[in-house]
$ cat my_file-v2.cif   # mmCIF, C-alpha atoms and all ligand atoms
data_my_file
loop_
_atom_site.label_atom_id
_atom_site.label_comp_id
_atom_site.auth_asym_id
_atom_site.auth_seq_id
_atom_site.Cartn_x
_atom_site.Cartn_y
_atom_site.Cartn_z
CA MET A 587 -31.47 -32.70 -9.19
CA ASP A 588 -28.41 -32.22 -6.95
CA GLY A 589 -25.96 -35.12 -7.09
CA CYS A 590 -22.51 -36.59 -6.56
CA ASP A 591 -20.72 -39.92 -6.97
CA VAL A 592 -20.00 -40.66 -3.32
CA LEU A 593 -22.06 -39.24 -0.47
CA ILE A 594 -20.52 -39.66 2.97
CA VAL A 595 -22.95 -39.30 5.85
CA GLY A 596 -20.94 -38.04 8.84
CA GLY A 597 -17.79 -35.92 8.99
CA GLY A 598 -16.04 -37.62 11.95
CA PRO A 599 -12.65 -39.35 11.52
CA ALA A 600 -14.12 -42.28 9.54
CA GLY A 601 -16.00 -40.13 7.01
CA SER A 602 -13.37 -37.43 6.55
CA THR A 603 -10.58 -40.00 6.10
CA CYS A 604 -12.60 -41.84 3.46
CA ALA A 605 -13.14 -38.56 1.59
CA TRP A 606 -9.46 -37.64 1.93
CA ARG A 607 -8.40 -40.93 0.33
CA LEU A 608 -10.78 -40.29 -2.60
CA ARG A 609 -9.70 -36.66 -3.06
CA ASP A 610 -7.76 -37.10 -6.33
CA SER A 611 -9.80 -39.97 -7.72
CA GLY A 612 -11.92 -37.97 -10.13
CA LEU A 613 -15.03 -38.97 -8.20
CA GLU A 614 -17.23 -36.20 -6.88
CA VAL A 615 -17.29 -36.73 -3.13
CA ARG A 616 -19.52 -34.91 -0.69
CA ILE A 617 -19.78 -35.08 3.10
CA VAL A 618 -22.94 -34.17 4.97
CA ASP A 619 -23.02 -33.72 8.73
CA LYS A 620 -25.89 -32.70 10.96
CA GLU A 621 -23.54 -30.50 13.01
CA ALA A 622 -21.59 -27.38 12.08
CA PHE A 623 -17.84 -27.90 12.58
CA PRO A 624 -15.90 -27.43 14.75
CA ARG A 625 -18.26 -29.49 16.90
CA ASP A 626 -17.78 -31.30 20.21
CA LYS A 627 -17.62 -35.08 20.35
CA VAL A 628 -17.99 -37.14 23.52
CA CYS A 629 -14.58 -38.83 23.66
CA GLY A 630 -11.40 -39.14 25.73
CA GLY A 631 -9.30 -37.99 22.78
CA TRP A 632 -6.57 -40.58 23.42
CA VAL A 633 -4.80 -41.73 20.24
CA THR A 634 -1.72 -43.83 19.51
CA PRO A 635 1.08 -42.69 17.16
CA ALA A 636 -0.33 -45.14 14.55
CA VAL A 637 -3.25 -42.72 14.10
CA PHE A 638 -0.95 -40.00 12.80
CA THR A 639 1.11 -42.44 10.68
CA THR A 640 -2.07 -43.79 9.08
CA LEU A 641 -3.40 -40.29 8.43
CA GLY A 642 -0.06 -39.27 6.87
CA VAL A 643 0.16 -36.33 9.28
CA SER A 644 3.22 -35.66 11.41
CA PRO A 645 2.46 -35.02 15.10
CA GLU A 646 4.67 -31.90 14.85
CA GLU A 647 2.54 -30.53 12.02
CA TYR A 648 -0.69 -31.28 13.85
CA ARG A 649 0.39 -29.74 17.15
CA GLN A 650 0.77 -26.22 15.67
CA GLY A 651 -1.80 -24.14 17.59
CA ARG A 652 -3.76 -27.22 18.76
CA VAL A 653 -4.09 -29.25 21.95
CA MET A 654 -1.66 -32.15 21.65
CA GLN A 655 -0.48 -33.92 24.79
CA PRO A 656 2.37 -36.43 24.44
CA VAL A 657 2.05 -39.45 26.74
CA SER A 658 4.98 -41.52 28.02
CA ARG A 659 3.52 -43.01 31.21
CA PHE A 660 0.37 -44.66 32.52
CA LEU A 661 -0.96 -45.02 36.03
CA THR A 662 -3.07 -48.18 36.30
CA SER A 663 -5.06 -49.90 39.03
CA ILE A 664 -8.25 -51.71 39.87
CA LEU A 665 -10.59 -48.98 41.12
CA GLY A 666 -9.77 -48.55 44.82
CA GLY A 667 -6.75 -50.89 44.67
CA PRO A 668 -3.04 -50.11 44.65
CA ALA A 669 -1.86 -48.17 41.57
CA PHE A 670 1.46 -48.31 39.82
CA GLU A 671 3.14 -46.41 37.08
CA THR A 672 4.57 -47.67 33.80
CA THR A 673 7.14 -45.44 32.11
CA TYR A 674 8.20 -45.63 28.47
CA PRO A 675 11.39 -44.19 26.99
CA GLU A 676 9.41 -42.62 24.13
CA THR A 677 6.01 -41.07 23.40
CA VAL A 678 3.48 -43.91 23.18
CA SER A 679 0.24 -41.92 22.82
CA TYR A 680 -1.17 -38.45 22.42
CA GLY A 681 -4.12 -36.57 23.79
CA VAL A 682 -6.11 -34.48 21.30
CA TRP A 683 -9.22 -32.36 21.63
CA ARG A 684 -11.83 -33.92 19.37
CA ARG A 685 -13.34 -30.55 18.54
CA GLU A 686 -10.04 -29.54 16.90
CA PHE A 687 -8.96 -32.96 15.64
CA ASP A 688 -12.16 -33.71 13.72
CA ASP A 689 -12.27 -30.20 12.26
CA PHE A 690 -8.66 -30.52 11.09
CA LEU A 691 -9.41 -33.83 9.33
CA LEU A 692 -12.63 -32.55 7.80
CA ARG A 693 -11.02 -29.41 6.37
CA ARG A 694 -8.09 -31.29 4.86
CA SER A 695 -10.35 -33.91 3.23
CA GLY A 696 -10.78 -31.79 0.14
CA ALA A 697 -14.45 -32.76 -0.15
CA ARG A 698 -17.40 -30.45 -0.37
CA VAL A 699 -18.96 -30.41 3.10
CA ASP A 700 -22.62 -29.67 3.79
CA GLU A 701 -22.82 -28.81 7.49
CA SER A 702 -25.92 -28.56 9.69
CA CYS A 703 -27.61 -30.97 7.29
CA SER A 704 -29.24 -34.04 8.81
CA ILE A 705 -29.88 -37.13 6.73
CA ARG A 706 -33.40 -38.29 7.38
CA SER A 707 -34.32 -40.58 4.49
CA MET A 708 -32.75 -42.65 1.74
CA LYS A 709 -34.22 -44.68 -1.07
CA ARG A 710 -32.50 -46.86 -3.65
CA SER A 711 -33.69 -47.27 -7.22
CA ASN A 712 -32.04 -48.00 -10.56
CA GLY A 713 -28.57 -48.39 -9.02
CA ALA A 714 -28.61 -44.99 -7.30
CA TRP A 715 -29.63 -43.46 -3.98
CA LEU A 716 -32.01 -40.61 -3.40
CA VAL A 717 -31.23 -38.99 -0.07
CA ASN A 718 -33.60 -36.62 1.75
CA GLY A 719 -35.68 -36.71 -1.42
CA GLU A 720 -33.32 -34.32 -3.21
CA LEU A 721 -29.74 -35.53 -3.36
CA GLN A 722 -28.68 -38.32 -5.70
CA CYS A 723 -25.53 -40.43 -5.40
CA ARG A 724 -24.14 -43.74 -6.60
CA VAL A 725 -22.41 -44.79 -3.37
CA LEU A 726 -23.50 -44.00 0.15
CA VAL A 727 -20.91 -44.26 2.93
CA GLY A 728 -22.48 -44.50 6.38
CA ALA A 729 -20.08 -42.68 8.71
CA GLY A 730 -22.67 -41.24 11.06
CA GLY A 731 -21.50 -42.92 14.26
CA HIS A 732 -23.43 -45.41 16.41
CA PHE A 733 -26.87 -44.04 15.43
CA CYS A 734 -25.97 -43.59 11.75
CA PRO A 735 -29.11 -43.41 9.57
CA VAL A 736 -27.42 -45.45 6.81
CA ALA A 737 -26.68 -48.24 9.33
CA ARG A 738 -30.32 -48.16 10.39
CA HIS A 739 -31.43 -48.36 6.78
CA LEU A 740 -29.23 -51.44 6.36
CA GLY A 741 -30.84 -53.08 9.39
CA SER A 742 -28.98 -52.04 12.55
CA ARG A 743 -31.13 -51.82 15.68
CA PRO A 744 -29.10 -49.92 18.32
CA SER A 745 -31.59 -50.70 21.11
CA MET A 746 -31.03 -54.45 20.58
CA GLU A 747 -27.23 -54.34 20.51
CA ARG A 748 -24.71 -54.95 23.31
CA ALA A 749 -22.89 -51.63 23.26
CA VAL A 750 -20.22 -49.91 25.28
CA THR A 751 -21.86 -47.05 27.16
CA ALA A 752 -19.57 -44.31 28.32
CA GLN A 753 -19.75 -40.88 29.89
CA GLU A 754 -17.17 -38.16 30.11
CA ALA A 755 -16.58 -34.49 30.79
CA GLU A 756 -13.82 -32.38 29.32
CA TRP A 757 -13.16 -28.83 30.37
CA GLU A 758 -10.43 -26.22 30.57
CA MET A 759 -9.10 -25.59 34.06
CA ASP A 760 -8.24 -22.07 35.19
CA PRO A 761 -4.49 -21.64 35.92
CA VAL A 762 -4.95 -21.89 39.70
CA THR A 763 -6.91 -25.17 39.45
CA ALA A 764 -4.46 -26.47 36.86
CA HIS A 765 -1.62 -25.82 39.28
CA ALA A 766 -3.43 -27.68 42.07
CA CYS A 767 -4.53 -30.58 39.84
CA SER A 768 -2.58 -33.75 40.63
CA VAL A 769 -3.25 -35.42 37.26
CA ARG A 770 -0.11 -35.09 35.12
CA GLY A 771 -0.34 -34.44 31.40
CA ASN A 772 2.03 -37.18 30.30
CA THR A 773 0.42 -39.80 32.58
CA PRO A 774 -3.18 -40.84 31.84
CA GLU A 775 -4.75 -42.63 34.80
CA LEU A 776 -6.77 -45.81 34.19
CA TYR A 777 -9.01 -47.33 36.88
CA PHE A 778 -10.39 -50.74 35.92
CA SER A 779 -13.49 -52.52 37.20
CA PRO A 780 -12.70 -55.92 38.78
CA ASP A 781 -14.32 -57.77 35.85
CA LEU A 782 -12.31 -55.73 33.28
CA HIS A 783 -15.58 -54.88 31.53
CA GLY A 784 -15.01 -51.20 32.09
CA TYR A 785 -12.62 -48.53 33.26
CA GLY A 786 -12.52 -44.93 34.32
CA TRP A 787 -9.90 -42.45 33.22
CA CYS A 788 -8.39 -39.09 34.06
CA PHE A 789 -6.57 -37.62 31.10
CA ARG A 790 -5.00 -34.21 31.25
CA LYS A 791 -4.04 -32.33 28.11
CA SER A 792 -2.22 -29.19 29.23
CA LEU A 793 -5.00 -27.06 30.81
CA ARG A 794 -7.76 -29.41 29.68
CA LEU A 795 -8.93 -32.28 31.84
CA ASN A 796 -10.95 -35.21 30.55
CA VAL A 797 -12.57 -37.54 33.08
CA GLY A 798 -14.83 -40.41 32.11
CA TYR A 799 -15.97 -43.97 32.57
CA GLY A 800 -17.07 -46.57 30.02
CA HIS A 801 -18.15 -50.18 30.20
CA LEU A 802 -19.56 -53.06 28.23
CA ALA A 803 -22.57 -54.31 30.15
CA GLN A 804 -26.30 -54.61 29.86
CA GLU A 805 -27.07 -52.14 32.65
CA SER A 806 -26.68 -48.37 32.42
CA VAL A 807 -23.28 -46.87 33.16
CA CYS A 808 -24.68 -44.17 35.51
CA HIS A 809 -24.07 -46.10 38.72
CA GLN A 810 -20.40 -46.79 37.82
CA VAL A 811 -19.90 -43.15 36.85
CA GLU A 812 -21.18 -42.06 40.28
CA GLU A 813 -18.93 -44.57 42.03
CA PHE A 814 -15.95 -43.33 40.03
CA ARG A 815 -16.71 -39.67 40.72
CA THR A 816 -16.95 -40.39 44.44
CA TYR A 817 -13.63 -42.22 44.34
CA LEU A 818 -11.92 -39.29 42.59
CA GLU A 819 -13.42 -36.74 44.96
CA THR A 820 -12.91 -38.52 48.27
CA ARG A 821 -9.89 -40.80 47.83
CA ARG A 822 -7.87 -39.84 44.78
CA CYS A 823 -8.41 -36.10 45.42
CA ILE A 824 -7.41 -34.86 41.96
CA GLY A 825 -7.61 -31.22 43.03
CA ALA A 826 -10.19 -30.18 40.41
CA VAL A 827 -13.96 -29.91 40.83
CA LEU A 828 -15.78 -32.29 38.48
CA PRO A 829 -18.62 -30.81 36.41
CA ALA A 830 -22.10 -31.68 37.69
CA ARG A 831 -22.96 -33.56 34.51
CA PHE A 832 -21.03 -35.95 32.29
CA ARG A 833 -22.08 -36.42 28.66
CA GLY A 834 -22.76 -39.93 27.44
CA HIS A 835 -22.67 -41.91 24.24
CA ALA A 836 -22.65 -45.52 23.05
CA TYR A 837 -20.67 -47.52 20.53
CA LEU A 838 -20.01 -51.11 19.52
CA LEU A 839 -16.91 -53.20 19.89
CA ARG A 840 -15.79 -55.13 16.87
CA THR A 841 -16.47 -58.40 18.67
CA THR A 842 -20.03 -57.50 19.66
CA SER A 843 -21.12 -55.93 16.39
CA ALA A 844 -23.06 -57.83 13.77
CA ARG A 845 -23.76 -54.82 11.59
CA PRO A 846 -23.49 -55.32 7.84
CA LEU A 847 -20.41 -53.72 6.34
CA ALA A 848 -21.38 -53.53 2.69
CA SER A 849 -24.56 -53.67 0.68
CA ASP A 850 -25.66 -52.63 -2.82
CA GLY A 851 -24.16 -49.15 -3.27
CA ALA A 852 -23.45 -48.72 0.44
CA LEU A 853 -20.65 -49.16 2.96
CA LEU A 854 -20.51 -48.61 6.72
CA VAL A 855 -17.37 -47.23 8.39
CA GLY A 856 -16.23 -46.37 11.92
CA ASP A 857 -18.81 -46.51 14.72
CA ALA A 858 -21.59 -46.91 12.16
CA ALA A 859 -20.10 -50.35 11.44
CA GLY A 860 -19.20 -51.03 15.11
CA LEU A 861 -15.44 -51.45 14.97
CA ALA A 862 -13.86 -50.35 18.25
CA PHE A 863 -11.04 -52.50 19.65
CA PRO A 864 -12.49 -54.88 22.25
CA SER A 865 -9.56 -54.71 24.66
CA SER A 866 -9.45 -50.93 25.10
CA GLY A 867 -12.59 -49.46 23.51
CA GLU A 868 -10.38 -47.39 21.21
CA GLY A 869 -12.49 -46.35 18.24
CA ILE A 870 -10.63 -43.58 16.43
CA LEU A 871 -7.93 -45.76 14.84
CA PRO A 872 -10.35 -48.42 13.50
CA ALA A 873 -12.60 -45.60 12.24
CA ILE A 874 -9.70 -44.13 10.27
CA GLU A 875 -8.54 -47.50 8.96
CA SER A 876 -12.07 -48.40 7.87
CA GLY A 877 -12.44 -45.04 6.10
CA LEU A 878 -9.31 -45.77 4.08
CA LEU A 879 -10.32 -49.35 3.28
CA ALA A 880 -13.80 -48.25 2.21
CA ALA A 881 -12.23 -45.73 -0.16
CA GLU A 882 -9.99 -48.47 -1.57
CA ALA A 883 -13.03 -50.68 -2.18
CA ILE A 884 -14.87 -47.84 -3.93
CA LEU A 885 -11.87 -47.22 -6.20
CA ALA A 886 -11.42 -50.94 -6.92
CA ALA A 887 -15.13 -51.31 -7.85
CA LYS A 888 -14.55 -48.97 -10.84
CA GLY A 889 -18.11 -47.78 -11.03
CA ASP A 890 -19.81 -51.14 -10.42
CA TYR A 891 -21.05 -50.66 -6.86
CA ARG A 892 -23.09 -53.82 -6.45
CA ALA A 893 -22.72 -55.62 -3.10
CA SER A 894 -20.65 -58.38 -4.69
CA ARG A 895 -18.01 -55.83 -5.77
CA LEU A 896 -17.99 -53.94 -2.46
CA ALA A 897 -17.70 -57.16 -0.43
CA ALA A 898 -13.91 -56.84 -0.77
CA TYR A 899 -14.19 -54.11 1.89
CA ALA A 900 -15.50 -56.57 4.50
CA THR A 901 -12.69 -58.99 3.69
CA ALA A 902 -10.03 -56.28 3.93
CA LEU A 903 -11.47 -55.08 7.24
CA GLU A 904 -11.45 -58.58 8.68
CA GLN A 905 -7.83 -59.04 7.61
CA ARG A 906 -6.89 -55.78 9.25
CA LEU A 907 -8.98 -55.85 12.45
CA GLY A 908 -9.38 -59.59 12.95
CA PRO A 909 -12.54 -61.69 13.11
CA ARG A 910 -15.68 -60.38 14.74
CA GLU A 911 -16.16 -63.11 17.30
CA PRO A 912 -14.59 -62.87 20.79
CA SER A 913 -11.07 -64.28 21.16
CA ARG A 914 -10.47 -67.68 22.74
CA LEU A 915 -9.03 -65.92 25.78
CA THR A 916 -12.21 -63.84 26.21
CA ARG A 917 -14.41 -66.92 25.86
CA ALA A 918 -12.32 -68.82 28.39
CA ALA A 919 -12.49 -65.89 30.82
CA GLU A 920 -16.26 -65.60 30.42
CA ALA A 921 -16.67 -69.30 31.15
CA LEU A 922 -15.08 -68.90 34.60
CA PRO A 923 -17.38 -68.37 37.59
CA HIS A 924 -17.66 -64.63 38.29
CA PRO A 925 -15.91 -64.59 41.70
CA VAL A 926 -13.04 -66.69 40.36
CA PHE A 927 -12.57 -64.35 37.42
CA ARG A 928 -12.62 -61.25 39.63
CA ALA A 929 -10.08 -62.77 42.00
CA LEU A 930 -7.85 -63.65 39.04
CA VAL A 931 -8.09 -60.13 37.60
CA THR A 932 -7.31 -58.55 40.97
CA ARG A 933 -4.16 -60.69 41.18
CA LEU A 934 -3.14 -60.01 37.60
CA MET A 935 -3.59 -56.26 38.02
CA ARG A 936 -1.01 -56.33 40.81
CA ASN A 937 1.47 -58.03 38.52
CA ARG A 938 3.67 -55.52 36.73
CA GLY A 939 4.52 -57.98 33.95
CA PHE A 940 0.85 -58.49 33.09
CA VAL A 941 0.02 -54.78 33.18
CA ASN A 942 3.09 -53.72 31.17
CA ASN A 943 3.27 -56.50 28.61
CA HIS A 944 -0.37 -57.39 28.09
CA LEU A 945 -2.74 -54.72 29.29
CA LEU A 946 -0.76 -51.67 28.17
CA SER A 947 1.67 -52.81 25.45
CA GLN A 948 -0.69 -55.18 23.64
CA TRP A 949 -4.26 -54.28 24.50
CA PHE A 950 -3.92 -50.51 24.62
CA LEU A 951 -0.84 -49.60 22.61
CA HIS A 952 -0.82 -52.44 20.01
CA GLN A 953 2.96 -52.41 20.09
CA ASN A 954 3.07 -55.63 18.04
CA ARG A 955 0.83 -54.19 15.29
CA GLU A 956 2.21 -52.27 12.29
CA ALA A 957 0.50 -49.01 11.37
CA MET A 958 -1.53 -49.24 8.17
CA VAL A 959 0.13 -47.36 5.37
CA LEU A 960 -1.53 -47.34 1.95
CA THR A 961 0.59 -46.59 -1.05
CA GLY A 962 -0.42 -44.72 -4.19
C1 LIG A 1001 -17.05 -41.36 26.33
C2 LIG A 1001 -16.27 -41.90 25.16
C3 LIG A 1001 -14.88 -41.84 25.19
C4 LIG A 1001 -14.13 -42.33 24.11
N1 LIG A 1001 -12.78 -42.20 24.16
C5 LIG A 1001 -12.03 -42.63 23.11
C6 LIG A 1001 -10.61 -42.41 23.11
O1 LIG A 1001 -10.05 -41.82 24.03
N2 LIG A 1001 -9.90 -42.87 22.03
C7 LIG A 1001 -10.51 -43.53 20.98
O2 LIG A 1001 -9.82 -43.94 20.03
N3 LIG A 1001 -11.87 -43.70 20.95
C8 LIG A 1001 -12.64 -43.25 21.96
N4 LIG A 1001 -14.01 -43.36 21.91
C9 LIG A 1001 -14.63 -43.90 20.69
C10 LIG A 1001 -14.58 -42.87 19.56
O3 LIG A 1001 -15.10 -41.63 20.02
C11 LIG A 1001 -15.37 -43.31 18.33
O4 LIG A 1001 -15.07 -44.66 18.05
C12 LIG A 1001 -15.04 -42.46 17.10
O5 LIG A 1001 -15.44 -41.13 17.30
C13 LIG A 1001 -15.74 -43.01 15.84
O6 LIG A 1001 -15.57 -42.09 14.78
P1 LIG A 1001 -16.67 -42.01 13.59
O7 LIG A 1001 -16.09 -41.11 12.56
O8 LIG A 1001 -17.07 -43.38 13.20
O9 LIG A 1001 -17.96 -41.38 14.25
P2 LIG A 1001 -18.19 -39.96 14.96
O10 LIG A 1001 -16.91 -39.39 15.41
O11 LIG A 1001 -19.26 -40.22 15.97
O12 LIG A 1001 -18.78 -39.04 13.81
C14 LIG A 1001 -20.06 -39.24 13.29
C15 LIG A 1001 -20.57 -37.97 12.65
O13 LIG A 1001 -21.81 -38.25 12.00
C16 LIG A 1001 -22.68 -37.15 12.18
N5 LIG A 1001 -24.07 -37.62 12.04
C17 LIG A 1001 -24.75 -38.44 12.87
N6 LIG A 1001 -26.02 -38.62 12.43
C18 LIG A 1001 -26.14 -37.90 11.30
C19 LIG A 1001 -27.23 -37.65 10.40
N7 LIG A 1001 -28.44 -38.20 10.57
N8 LIG A 1001 -27.01 -36.85 9.33
C20 LIG A 1001 -25.79 -36.28 9.14
N9 LIG A 1001 -24.74 -36.44 9.98
C21 LIG A 1001 -24.90 -37.25 11.04
C22 LIG A 1001 -22.35 -36.64 13.57
O14 LIG A 1001 -22.71 -35.28 13.75
C23 LIG A 1001 -20.83 -36.84 13.64
O15 LIG A 1001 -20.11 -35.68 13.29
C24 LIG A 1001 -14.79 -42.90 22.96
C25 LIG A 1001 -16.19 -42.95 22.94
C26 LIG A 1001 -16.92 -42.45 24.01
C27 LIG A 1001 -18.43 -42.51 23.94
#
$ encode --input "my_file-v2.cif" --output "structure tokens"
Amino acid sequence: MDGCDVLIVGGGPAGSTCAWRLRDSGLEVRIVDKEAFPRDKVCGGWVTPAVFTTLGVSPEEYRQGRVMQPVSRFLTSILGGPAFETTYPETVSYGVWRREFDDFLLRRSGARVDESCSIRSMKRSNGAWLVNGELQCRVLVGAGGHFCPVARHLGSRPSMERAVTAQEAEWEMDPVTAHACSVRGNTPELYFSPDLHGYGWCFRKSLRLNVGYGHLAQESVCHQVEEFRTYLETRRCIGAVLPARFRGHAYLLRTTSARPLASDGALLVGDAAGLAFPSSGEGILPAIESGLLAAEAILAAKGDYRASRLAAYATALEQRLGPREPSRLTRAAEALPHPVFRALVTRLMRNRGFVNNHLLSQWFLHQNREAMVLTG
């Protein structure tokens, strides 16, 4: 029977980073993904410099032959309200194309990769897993995104969860359209809903334009996407024709996810665990950090992969990403009557100090948070 020590289900940033960390461990690590890479991923492709620091990759090295847009400004507003610009003296973010970014990380992971291979079943007996009835492993890492089959096996029920739903389109503009397009590469545009539960964005990366909208709410995001499209076409006039269809996906914020993180012989990482930052919806950095911490837990377990040994992963993740429940500030905001909260947000969003110091510097750019660097 075919087998390995660690089987990682999903070759996105969480799975490939976990494999990369285990590359010289002596463990046989294998990644399976239902897609063939390079593959597209519904995503804005906005990352902070901490992503590259944590991956141990220099932005200069990564940019060779790939889409890589440095960002030093933001344009922010409540949708339909006055917008203003915040300028930084240095690069505070980058724009990547997920098709390239994920392929780069997967190829450098050093693991054997089985592409176009969907995981359909898993069964545990005698301290090992049997996957798809033919592949045996001792540890299973669920890195298959929001609908990860390992997460489902451990009890997640995506239809019952309060997820962020988001839609986007990314395409390459022809040179004439690119010239006419008013969205600037170094200045992502963020358009917030008056309850701060969602925002739309226009993010240009050289000739590529990414436009999308995401929100945390019970109802579907389609209505907000339509409203945002209409705003861009009739009032913002970005100078580029939006594609007829946006592609959608869902994922969980750390504060709304109750998914298990570790079980006997299994760990969940990235979107499979539901880890995105609540204030911005950023999911790539927590996916990468969780991949590294899962690898650390596997190494520390030294072959004893019972839940009690792997529980250290959940503790490490909590220390790094904070507790799962909403912050006191969020709870206080949610307790306010809706119209009062909206009026407060509208006022705050006109205040440069709030937008610069809280919304952008803290909530989006984590400027008070050190990048995670593992030694050894
Ligand atoms: C519209 C939108 C915009 C976003 N924009 C941003 C952004 O700008 N910046 C940011 O930081 N985050 C953003 N996010 C969130 C971010 O995309 C995710 O948090 C991130 O991709 C999580 O990485 P991951 O490795 O956990 O999962 P993924 O990147 O989803 O990778 C999961 C992999 O598992 C594979 N897989 C799934 N099921 C199976 C199966 N049964 N068998 C085998 N393989 C399987 C998939 O093919 C996929 O390759 C956005 C999300 C959305 C929906």
$ residues_near_ligand --input "my_file-v2.cif" --ligand "ligand LIG 1001 (chain A)" --cutoff "7 Å" --atoms "all atoms listed in the file" --output "short mmCIF file (atom, residue, chain, number, x, y, z; two decimals) with C-alpha atoms, in the frame of the given file"
data_model
loop_
_atom_site.label_atom_id
_atom_site.label_comp_id
_atom_site.auth_asym_id
_atom_site.auth_seq_id
_atom_site.Cartn_x
_atom_site.Cartn_y
_atom_site.Cartn_z
CA VAL A 595 -22.95 -39.30 5.85
CA GLY A 596 -20.94 -38.04 8.84
CA GLY A 597 -17.79 -35.92 8.99
CA GLY A 598 -16.04 -37.62 11.95
CA PRO A 599 -12.65 -39.35 11.52
CA ALA A 600 -14.12 -42.28 9.54
CA GLY A 601 -16.00 -40.13 7.01
CA VAL A 618 -22.94 -34.17 4.97
CA ASP A 619 -23.02 -33.72 8.73
CA LYS A 620 -25.89 -32.70 10.96
CA GLU A 621 -23.54 -30.50 13.01
CA LYS A 627 -17.62 -35.08 20.35
CA VAL A 628 -17.99 -37.14 23.52
CA CYS A 629 -14.58 -38.83 23.66
CA GLY A 630 -11.40 -39.14 25.73
CA GLY A 631 -9.30 -37.99 22.78
CA TRP A 632 -6.57 -40.58 23.42
CA VAL A 633 -4.80 -41.73 20.24
CA CYS A 703 -27.61 -30.97 7.29
CA SER A 704 -29.24 -34.04 8.81
CA ILE A 705 -29.88 -37.13 6.73
CA ARG A 706 -33.40 -38.29 7.38
CA ALA A 729 -20.08 -42.68 8.71
CA GLY A 730 -22.67 -41.24 11.06
CA GLY A 731 -21.50 -42.92 14.26
CA HIS A 732 -23.43 -45.41 16.41
CA PHE A 733 -26.87 -44.04 15.43
CA CYS A 734 -25.97 -43.59 11.75
CA PRO A 735 -29.11 -43.41 9.57
CA THR A 751 -21.86 -47.05 27.16
CA ALA A 752 -19.57 -44.31 28.32
CA GLN A 753 -19.75 -40.88 29.89
CA GLU A 754 -17.17 -38.16 30.11
CA GLY A 798 -14.83 -40.41 32.11
CA TYR A 799 -15.97 -43.97 32.57
CA GLY A 800 -17.07 -46.57 30.02
CA GLY A 834 -22.76 -39.93 27.44
CA HIS A 835 -22.67 -41.91 24.24
CA ALA A 836 -22.65 -45.52 23.05
CA TYR A 837 -20.67 -47.52 20.53
CA VAL A 855 -17.37 -47.23 8.39
CA GLY A 856 -16.23 -46.37 11.92
CA ASP A 857 -18.81 -46.51 14.72
CA ALA A 858 -21.59 -46.91 12.16
CA ALA A 862 -13.86 -50.35 18.25
CA GLY A 867 -12.59 -49.46 23.51
CA GLU A 868 -10.38 -47.39 21.21
CA GLY A 869 -12.49 -46.35 18.24
CA ILE A 870 -10.63 -43.58 16.43
CA LEU A 871 -7.93 -45.76 14.84
CA ALA A 873 -12.60 -45.60 12.24
#
$ atom_distance --input "my_file-v2.cif" --atom1 "CA of Cys823 in chain A" --atom2 "CA of Arg936 in chain A"
22.0 Å
$ axis_aligned_box --input "my_file-v2.cif" --around "range 885-889 of chain A" --padding-each-side "5 Å" --output "JSON"
{"center_x": -14.8, "center_y": -49.3, "center_z": -8.6, "size_x": 16.7, "size_y": 14.1, "size_z": 14.8}
$ residues_around --input "my_file-v2.cif" --residues "Val653 in chain A" --least-positions-apart "6" --cutoff "8 Å" --atoms "all atoms listed in the file" --output "list in words"
Gly681, Val682, Trp683, Glu686, Lys791 and Ser792 of chain A
$ residues_around --input "my_file-v2.cif" --residues "Gly939 in chain A" --least-positions-apart "6" --cutoff "12 Å" --atoms "all atoms listed in the file" --output "number ranges by chain"
A: 670, 672, 933, 945-948
$ atom_distance --input "my_file-v2.cif" --atom1 "CA of Phe687 in chain A" --atom2 "CA of Arg815 in chain A"
27.1 Å
$ atom_distance --input "my_file-v2.cif" --atom1 "CA of Thr901 in chain A" --atom2 "CA of Thr634 in chain A"
24.5 Å
$ closest_residue --input "my_file-v2.cif" --among "A:Met759, A:Cys808, A:Leu691, A:Val717" --to "Ala605 in chain A" --atoms "only C-alpha atoms"
A:Leu691
$ residues_around --input "my_file-v2.cif" --residues "range 643-646 of chain A" --least-positions-apart "2" --cutoff "12 Å" --atoms "all atoms listed in the file" --output "list of chain:residue names"
A:Thr603, A:Val633, A:Thr634, A:Pro635, A:Ala636, A:Val637, A:Phe638, A:Thr639, A:Thr640, A:Leu641, A:Tyr648, A:Arg649, A:Gln650, A:Gly651, A:Arg652, A:Val653, A:Met654, A:Gln655, A:Pro656, A:Thr677, A:Ser679, A:Tyr680, A:Gly681, A:Val682, A:Phe687, A:Phe690, A:Leu691, A:Arg694, A:Val959
$ residues_around --input "my_file-v2.cif" --residues "Ala803 in chain A" --least-positions-apart "5" --cutoff "9 Å" --atoms "all atoms listed in the file" --output "list of chain:residue names"
A:Arg748, A:Ala749, A:Val750, A:Thr751, A:His783, A:Gly784
